[in-house]
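Source file: final29.cif; contents: mmCIF, C-alpha atoms.
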```cif
data_protein
#
loop_
_atom_site.group_PDB
_atom_site.id
_atom_site.type_symbol
_atom_site.label_atom_id
_atom_site.label_comp_id
_atom_site.auth_asym_id
_atom_site.auth_seq_id
_atom_site.Cartn_x
_atom_site.Cartn_y
_atom_site.Cartn_z
ATOM 1 C CA ALA A 51 24.501 31.605 -4.460
ATOM 2 C CA GLN A 52 25.646 30.621 -1.019
ATOM 3 C CA LYS A 53 23.288 30.881 1.893
ATOM 4 C CA VAL A 54 23.376 29.764 5.504
ATOM 5 C CA THR A 55 20.251 29.598 7.607
ATOM 6 C CA GLN A 56 20.230 29.382 11.372
ATOM 7 C CA ALA A 57 16.542 29.286 12.144
ATOM 8 C CA GLN A 58 16.961 29.523 15.907
ATOM 9 C CA THR A 59 17.537 33.143 16.817
ATOM 10 C CA GLU A 60 17.798 32.579 20.561
ATOM 11 C CA ILE A 61 17.891 29.527 22.793
ATOM 12 C CA SER A 62 17.805 29.486 26.561
ATOM 13 C CA VAL A 63 18.640 26.393 28.590
ATOM 14 C CA VAL A 64 19.479 25.495 32.141
ATOM 15 C CA GLU A 65 22.959 24.345 32.975
ATOM 16 C CA LYS A 66 23.659 20.653 32.270
ATOM 17 C CA GLU A 67 20.990 20.435 29.597
ATOM 18 C CA ASP A 68 21.962 19.294 26.114
ATOM 19 C CA VAL A 69 21.311 21.747 23.311
ATOM 20 C CA THR A 70 21.468 21.481 19.513
ATOM 21 C CA LEU A 71 22.029 24.450 17.243
ATOM 22 C CA ASP A 72 20.726 23.985 13.719
ATOM 23 C CA CYS A 73 22.446 25.060 10.519
ATOM 24 C CA VAL A 74 21.154 24.565 6.977
ATOM 25 C CA TYR A 75 23.162 25.683 3.978
ATOM 26 C CA GLU A 76 22.703 26.205 0.249
ATOM 27 C CA THR A 77 25.411 25.996 -2.362
ATOM 28 C CA ARG A 78 25.742 25.000 -5.998
ATOM 29 C CA ASP A 79 29.324 23.839 -5.586
ATOM 30 C CA THR A 80 30.277 20.238 -4.996
ATOM 31 C CA THR A 81 33.327 21.274 -2.990
ATOM 32 C CA TYR A 82 32.753 23.536 -0.036
ATOM 33 C CA TYR A 83 33.683 24.028 3.593
ATOM 34 C CA LEU A 84 31.538 24.494 6.652
ATOM 35 C CA PHE A 85 32.541 26.182 9.888
ATOM 36 C CA TRP A 86 31.239 26.969 13.330
ATOM 37 C CA TYR A 87 32.442 30.030 15.234
ATOM 38 C CA LYS A 88 31.635 31.141 18.767
ATOM 39 C CA GLN A 89 31.261 34.803 19.689
ATOM 40 C CA PRO A 90 31.181 35.287 23.468
ATOM 41 C CA PRO A 91 29.987 38.568 25.011
ATOM 42 C CA SER A 92 33.556 39.888 24.814
ATOM 43 C CA GLY A 93 33.112 40.008 21.043
ATOM 44 C CA GLU A 94 35.894 37.938 19.525
ATOM 45 C CA LEU A 95 35.151 35.209 16.984
ATOM 46 C CA VAL A 96 36.514 31.866 18.087
ATOM 47 C CA PHE A 97 36.968 29.052 15.581
ATOM 48 C CA LEU A 98 35.363 25.766 16.659
ATOM 49 C CA ILE A 99 35.368 23.402 13.690
ATOM 50 C CA ARG A 100 35.914 23.114 9.944
ATOM 51 C CA ARG A 101 34.401 20.431 7.734
ATOM 52 C CA ASN A 102 34.884 19.876 4.013
ATOM 53 C CA SER A 103 32.127 18.568 1.797
ATOM 54 C CA PHE A 104 33.850 15.227 1.223
ATOM 55 C CA ASP A 105 34.014 14.357 4.893
ATOM 56 C CA GLU A 106 30.647 13.436 6.344
ATOM 57 C CA GLN A 107 32.012 11.853 9.471
ATOM 58 C CA ASN A 108 30.557 13.257 12.621
ATOM 59 C CA GLU A 109 33.000 14.751 15.060
ATOM 60 C CA ILE A 110 33.162 14.949 18.810
ATOM 61 C CA SER A 111 35.396 17.238 20.815
ATOM 62 C CA GLY A 112 34.774 17.058 24.517
ATOM 63 C CA ARG A 113 31.231 18.269 25.154
ATOM 64 C CA TYR A 114 30.869 19.465 21.557
ATOM 65 C CA SER A 115 29.711 17.331 18.649
ATOM 66 C CA TRP A 116 28.794 18.049 15.058
ATOM 67 C CA ASN A 117 26.450 16.212 12.713
ATOM 68 C CA PHE A 118 27.074 16.846 9.012
ATOM 69 C CA GLN A 119 24.428 15.481 6.622
ATOM 70 C CA LYS A 120 24.788 16.328 2.933
ATOM 71 C CA SER A 121 21.424 14.742 2.137
ATOM 72 C CA THR A 122 19.668 17.441 4.134
ATOM 73 C CA SER A 123 22.345 20.153 3.697
ATOM 74 C CA SER A 124 22.671 20.464 7.427
ATOM 75 C CA PHE A 125 25.580 20.877 9.804
ATOM 76 C CA ASN A 126 24.175 20.841 13.318
ATOM 77 C CA PHE A 127 26.096 21.502 16.510
ATOM 78 C CA THR A 128 25.312 19.875 19.855
ATOM 79 C CA ILE A 129 26.594 20.911 23.245
ATOM 80 C CA THR A 130 26.259 18.203 25.866
ATOM 81 C CA ALA A 131 25.871 19.103 29.540
ATOM 82 C CA SER A 132 25.877 22.819 28.813
ATOM 83 C CA GLN A 133 27.705 25.239 31.080
ATOM 84 C CA VAL A 134 27.276 28.945 31.783
ATOM 85 C CA VAL A 135 30.534 29.606 29.913
ATOM 86 C CA ASP A 136 28.881 28.262 26.755
ATOM 87 C CA SER A 137 26.686 31.365 26.660
ATOM 88 C CA ALA A 138 27.526 33.097 23.390
ATOM 89 C CA VAL A 139 26.351 33.710 19.860
ATOM 90 C CA TYR A 140 27.210 30.803 17.609
ATOM 91 C CA PHE A 141 27.680 31.321 13.887
ATOM 92 C CA CYS A 142 27.611 28.688 11.185
ATOM 93 C CA ALA A 143 29.507 29.676 8.028
ATOM 94 C CA LEU A 144 30.066 28.378 4.501
ATOM 95 C CA SER A 145 32.907 28.839 2.065
ATOM 96 C CA GLU A 146 32.984 27.594 -1.509
ATOM 97 C CA ALA A 147 36.286 26.257 -2.774
ATOM 98 C CA GLN A 148 35.767 27.035 -6.440
ATOM 99 C CA GLY A 149 35.839 30.355 -8.232
ATOM 100 C CA GLY A 150 38.788 31.684 -6.270
ATOM 101 C CA SER A 151 36.703 33.167 -3.482
ATOM 102 C CA GLU A 152 37.269 31.895 0.007
ATOM 103 C CA LYS A 153 35.069 34.384 1.746
ATOM 104 C CA LEU A 154 32.930 33.126 4.577
ATOM 105 C CA VAL A 155 29.177 33.521 4.334
ATOM 106 C CA PHE A 156 27.705 33.497 7.815
ATOM 107 C CA GLY A 157 24.284 32.607 9.109
ATOM 108 C CA LYS A 158 22.495 35.142 11.292
ATOM 109 C CA GLY A 159 23.723 33.383 14.410
ATOM 110 C CA THR A 160 22.034 31.698 17.351
ATOM 111 C CA LYS A 161 22.301 33.352 20.739
ATOM 112 C CA LEU A 162 22.631 30.678 23.405
ATOM 113 C CA THR A 163 22.024 31.562 27.031
ATOM 114 C CA VAL A 164 22.863 28.956 29.640
ATOM 115 C CA ASN A 165 21.327 29.764 32.990
ATOM 116 C CA PRO A 166 22.738 28.432 36.269
ATOM 117 C CA ALA B 412 50.279 30.393 19.824
ATOM 118 C CA ALA B 413 50.387 33.754 18.107
ATOM 119 C CA GLY B 414 47.037 35.171 17.057
ATOM 120 C CA VAL B 415 45.824 37.847 14.702
ATOM 121 C CA ILE B 416 46.516 41.321 16.050
ATOM 122 C CA GLN B 417 44.293 44.271 15.306
ATOM 123 C CA SER B 418 44.820 47.885 16.234
ATOM 124 C CA PRO B 419 43.365 49.971 17.560
ATOM 125 C CA ARG B 420 40.833 47.976 19.542
ATOM 126 C CA HIS B 421 38.517 50.936 19.881
ATOM 127 C CA LEU B 422 38.199 54.022 17.718
ATOM 128 C CA ILE B 423 35.882 56.992 17.967
ATOM 129 C CA LYS B 424 35.562 59.325 14.996
ATOM 130 C CA GLU B 425 33.336 62.144 13.869
ATOM 131 C CA LYS B 426 31.287 62.064 10.679
ATOM 132 C CA ARG B 427 33.298 62.807 7.551
ATOM 133 C CA GLU B 428 36.597 61.944 9.256
ATOM 134 C CA THR B 429 38.946 59.194 8.139
ATOM 135 C CA ALA B 430 40.049 56.066 9.971
ATOM 136 C CA THR B 431 42.791 53.499 9.447
ATOM 137 C CA LEU B 432 42.502 50.014 10.885
ATOM 138 C CA LYS B 433 45.514 47.739 11.029
ATOM 139 C CA CYS B 434 45.788 43.969 10.984
ATOM 140 C CA TYR B 435 48.799 41.770 11.669
ATOM 141 C CA PRO B 436 48.148 38.176 10.567
ATOM 142 C CA ILE B 437 49.344 35.020 12.232
ATOM 143 C CA PRO B 438 53.009 34.430 11.272
ATOM 144 C CA ARG B 439 53.369 32.591 7.947
ATOM 145 C CA HIS B 440 49.761 33.291 6.991
ATOM 146 C CA ASP B 441 49.648 34.924 3.567
ATOM 147 C CA THR B 442 45.931 35.642 3.236
ATOM 148 C CA VAL B 443 44.028 38.371 5.022
ATOM 149 C CA TYR B 444 40.282 39.007 5.095
ATOM 150 C CA TRP B 445 38.271 41.964 6.381
ATOM 151 C CA TYR B 446 34.729 41.647 7.724
ATOM 152 C CA GLN B 447 32.261 44.190 9.086
ATOM 153 C CA GLN B 448 29.789 43.257 11.809
ATOM 154 C CA GLY B 449 27.008 45.706 12.589
ATOM 155 C CA PRO B 450 25.192 45.574 15.939
ATOM 156 C CA GLY B 451 23.246 42.338 16.260
ATOM 157 C CA GLN B 452 24.297 41.280 12.761
ATOM 158 C CA ASP B 453 26.445 38.548 11.288
ATOM 159 C CA PRO B 454 29.885 39.419 9.906
ATOM 160 C CA GLN B 455 29.853 40.596 6.302
ATOM 161 C CA PHE B 456 32.835 40.073 4.014
ATOM 162 C CA LEU B 457 34.501 43.246 2.749
ATOM 163 C CA ILE B 458 37.728 42.347 0.969
ATOM 164 C CA SER B 459 40.592 39.857 0.960
ATOM 165 C CA PHE B 460 44.228 39.708 -0.059
ATOM 166 C CA TYR B 461 46.477 36.811 -0.996
ATOM 167 C CA GLU B 462 50.214 37.374 -1.310
ATOM 168 C CA LYS B 463 49.687 41.142 -1.304
ATOM 169 C CA MET B 464 47.212 41.085 -4.171
ATOM 170 C CA GLN B 465 43.481 41.650 -3.815
ATOM 171 C CA SER B 466 41.850 38.242 -4.180
ATOM 172 C CA ASP B 467 38.168 39.001 -3.649
ATOM 173 C CA LYS B 468 35.885 41.918 -2.988
ATOM 174 C CA GLY B 469 32.545 41.974 -1.239
ATOM 175 C CA SER B 470 30.169 44.744 -0.297
ATOM 176 C CA ILE B 471 32.864 47.278 0.468
ATOM 177 C CA PRO B 472 31.904 50.939 -0.033
ATOM 178 C CA ASP B 473 33.957 52.973 -2.486
ATOM 179 C CA ARG B 474 34.933 55.163 0.472
ATOM 180 C CA PHE B 475 36.902 52.234 1.853
ATOM 181 C CA SER B 476 40.185 50.941 0.529
ATOM 182 C CA ALA B 477 42.621 48.353 1.746
ATOM 183 C CA GLN B 478 45.989 46.887 0.973
ATOM 184 C CA GLN B 479 48.369 44.219 2.129
ATOM 185 C CA PHE B 480 51.992 45.138 2.621
ATOM 186 C CA SER B 481 55.230 43.254 2.031
ATOM 187 C CA ASP B 482 55.281 42.026 5.645
ATOM 188 C CA TYR B 483 51.716 40.709 5.085
ATOM 189 C CA HIS B 484 50.068 43.123 7.458
ATOM 190 C CA SER B 485 47.004 44.840 6.085
ATOM 191 C CA GLU B 486 45.341 48.206 6.540
ATOM 192 C CA LEU B 487 41.730 49.190 5.955
ATOM 193 C CA ASN B 488 41.320 52.868 5.174
ATOM 194 C CA MET B 489 37.926 54.427 5.625
ATOM 195 C CA SER B 490 37.149 57.954 4.496
ATOM 196 C CA SER B 491 34.144 60.279 4.749
ATOM 197 C CA LEU B 492 32.887 58.235 7.673
ATOM 198 C CA GLU B 493 29.139 57.922 8.121
ATOM 199 C CA LEU B 494 27.091 57.013 11.179
ATOM 200 C CA GLY B 495 26.270 53.702 9.520
ATOM 201 C CA ASP B 496 29.942 52.746 9.475
ATOM 202 C CA SER B 497 29.811 52.199 13.232
ATOM 203 C CA ALA B 498 30.536 48.509 13.606
ATOM 204 C CA LEU B 499 32.978 45.864 14.723
ATOM 205 C CA TYR B 500 35.633 45.317 12.058
ATOM 206 C CA PHE B 501 37.325 41.961 12.029
ATOM 207 C CA CYS B 502 40.457 40.900 10.316
ATOM 208 C CA ALA B 503 41.075 37.196 9.737
ATOM 209 C CA SER B 504 44.087 35.399 8.379
ATOM 210 C CA SER B 505 44.695 31.997 6.849
ATOM 211 C CA ASP B 506 47.371 30.002 5.127
ATOM 212 C CA GLY B 507 46.224 30.372 1.535
ATOM 213 C CA GLN B 508 48.213 27.366 0.331
ATOM 214 C CA GLY B 509 48.422 28.847 -3.113
ATOM 215 C CA GLY B 510 44.669 29.205 -3.332
ATOM 216 C CA PHE B 511 44.134 25.496 -3.944
ATOM 217 C CA GLN B 512 42.596 24.684 -0.659
ATOM 218 C CA GLN B 513 40.480 26.592 1.782
ATOM 219 C CA ASP B 514 42.211 26.901 5.083
ATOM 220 C CA THR B 515 40.633 27.980 8.325
ATOM 221 C CA GLN B 516 40.238 31.696 8.880
ATOM 222 C CA TYR B 517 41.358 32.789 12.326
ATOM 223 C CA PHE B 518 39.911 36.051 13.500
ATOM 224 C CA GLY B 519 41.465 38.905 15.386
ATOM 225 C CA PRO B 520 39.732 40.514 18.369
ATOM 226 C CA GLY B 521 38.204 43.197 16.173
ATOM 227 C CA THR B 522 38.270 46.984 16.107
ATOM 228 C CA ARG B 523 35.138 48.655 17.406
ATOM 229 C CA LEU B 524 34.559 51.811 15.390
ATOM 230 C CA THR B 525 32.102 54.384 16.650
ATOM 231 C CA VAL B 526 31.173 57.266 14.372
ATOM 232 C CA LEU B 527 29.567 60.235 16.126
#
```
I need this file expressed as structure tokens, please.
Amino acid sequence: AQKVTQAQTEISVVEKEDVTLDCVYETRDTTYYLFWYKQPPSGELVFLIRRNSFDEQNEISGRYSWNFQKSTSSFNFTITASQVVDSAVYFCALSEAQGGSEKLVFGKGTKLTVNP
Amino acid sequence: AAGVIQSPRHLIKEKRETATLKCYPIPRHDTVYWYQQGPGQDPQFLISFYEKMQSDKGSIPDRFSAQQFSDYHSELNMSSLELGDSALYFCASSDGQGGFQQDTQYFGPGTRLTVL
């Protein structure tokens, strides 16, 4: 069965600090996809990144970077030089490619508060 | 770029009433997903449709039904509403690519349902 664990329920940092959000997943499939979504206080779910299980390259997009390690089943997300606008709940999600189901299984989310 | 449209954005109903939520996917997206997010919870998958056929079903109550129409929009019908149905309901769409590859799910702004 699929499972996503985000052990950090809440994180609070001061602006300009770096912060890493942890995500550990479980799946029996060899082909799967991992996602990060951001949910700001306004409530919408904003797509940040998608990674497939065959691509272990780390990715950087501006102040955001992602570290995918299959050996530890982790897909961690780092925000460099955090800003107040980064305050949101961040969800890690998993989707298995086999079996015809593409549903997303979400972690419980990490609430990030960036204080000025 | 066009996004997923959901209507209404807010809905207030009494117990035992019915509600209909509508979702208009991104143009050329043929797959629609419905998720329910309770307060302080992660989104939970309800049901999905690919090319107007139900493709997967999650923990959707029997009181709920959904369909995808010929123009690819989808409707979630909820009957005999209960207090516990109060939640944020998200619709997401993706380009199913014939079901051979998981594409990114883009979420609508959600419909906030309050059952009194």
Shell around Val526 of chain B at 9 Å using all atoms listed in the file, local window under 4 positions removed, as a VMD selection string: chain B and resid 422 to 426 428 492 to 498
Between atom CA of Asn488 of chain B and atom CA of Tyr140 of chain A, distance in Å (one decimal): 29.0 Å
The PyMOL selection byres ((chain B) within 9 of (chain A)) applied to the shown file, residues as a PyMOL selection string: chain B and resi 444+451-459+466-469+499+501+510-521
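If you look at atom CA of Asp79 of chain A and atom CA of Gln52 of chain A, they are 9.0 Å away from each other.
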8 Å contact set for Gln133 of chain A, all atoms listed in the file, chain neighbours under 4 positions out, as number ranges by chain: A: 65-66, 137, 164, 166
Contacts of Tyr500 of chain B at 6 Å (all atoms listed in the file; same-chain gap of 6+ positions) as an MDAnalysis selection string: chainID B and resid 446:447 521:522
One-decimal distance in Å that lies between atom CA of Lys88 of chain A and atom CA of Val443 of chain B: 19.9 Å
Pick from A:Phe125, A:Ala131, A:Leu71, A:Ser62 nearest to Gly112 of chain A, counting all atoms listed in the file: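 Closest candidate: A:Ala131.
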Pick from A:Thr80, A:Thr59, A:Asn165, A:Thr70, whichever lies nearest to Trp116 of chain A using only C-alpha atoms: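 Of A:Thr80, A:Thr59, A:Asn165, A:Thr70, the one nearest Trp116 of chain A is A:Thr70, counting only C-alpha atoms.
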Test item: the PyMOL selection byres ((chain B and resi 484) around 10) resolved as number ranges by chain: B: 415-417, 433-438, 440-443, 463, 478-483, 485-486, 504
Reference answer for the PyMOL selection byres ((chain A and resi 107) around 8), as a ChimeraX atom specification: /A:105-106,108-109,117-118
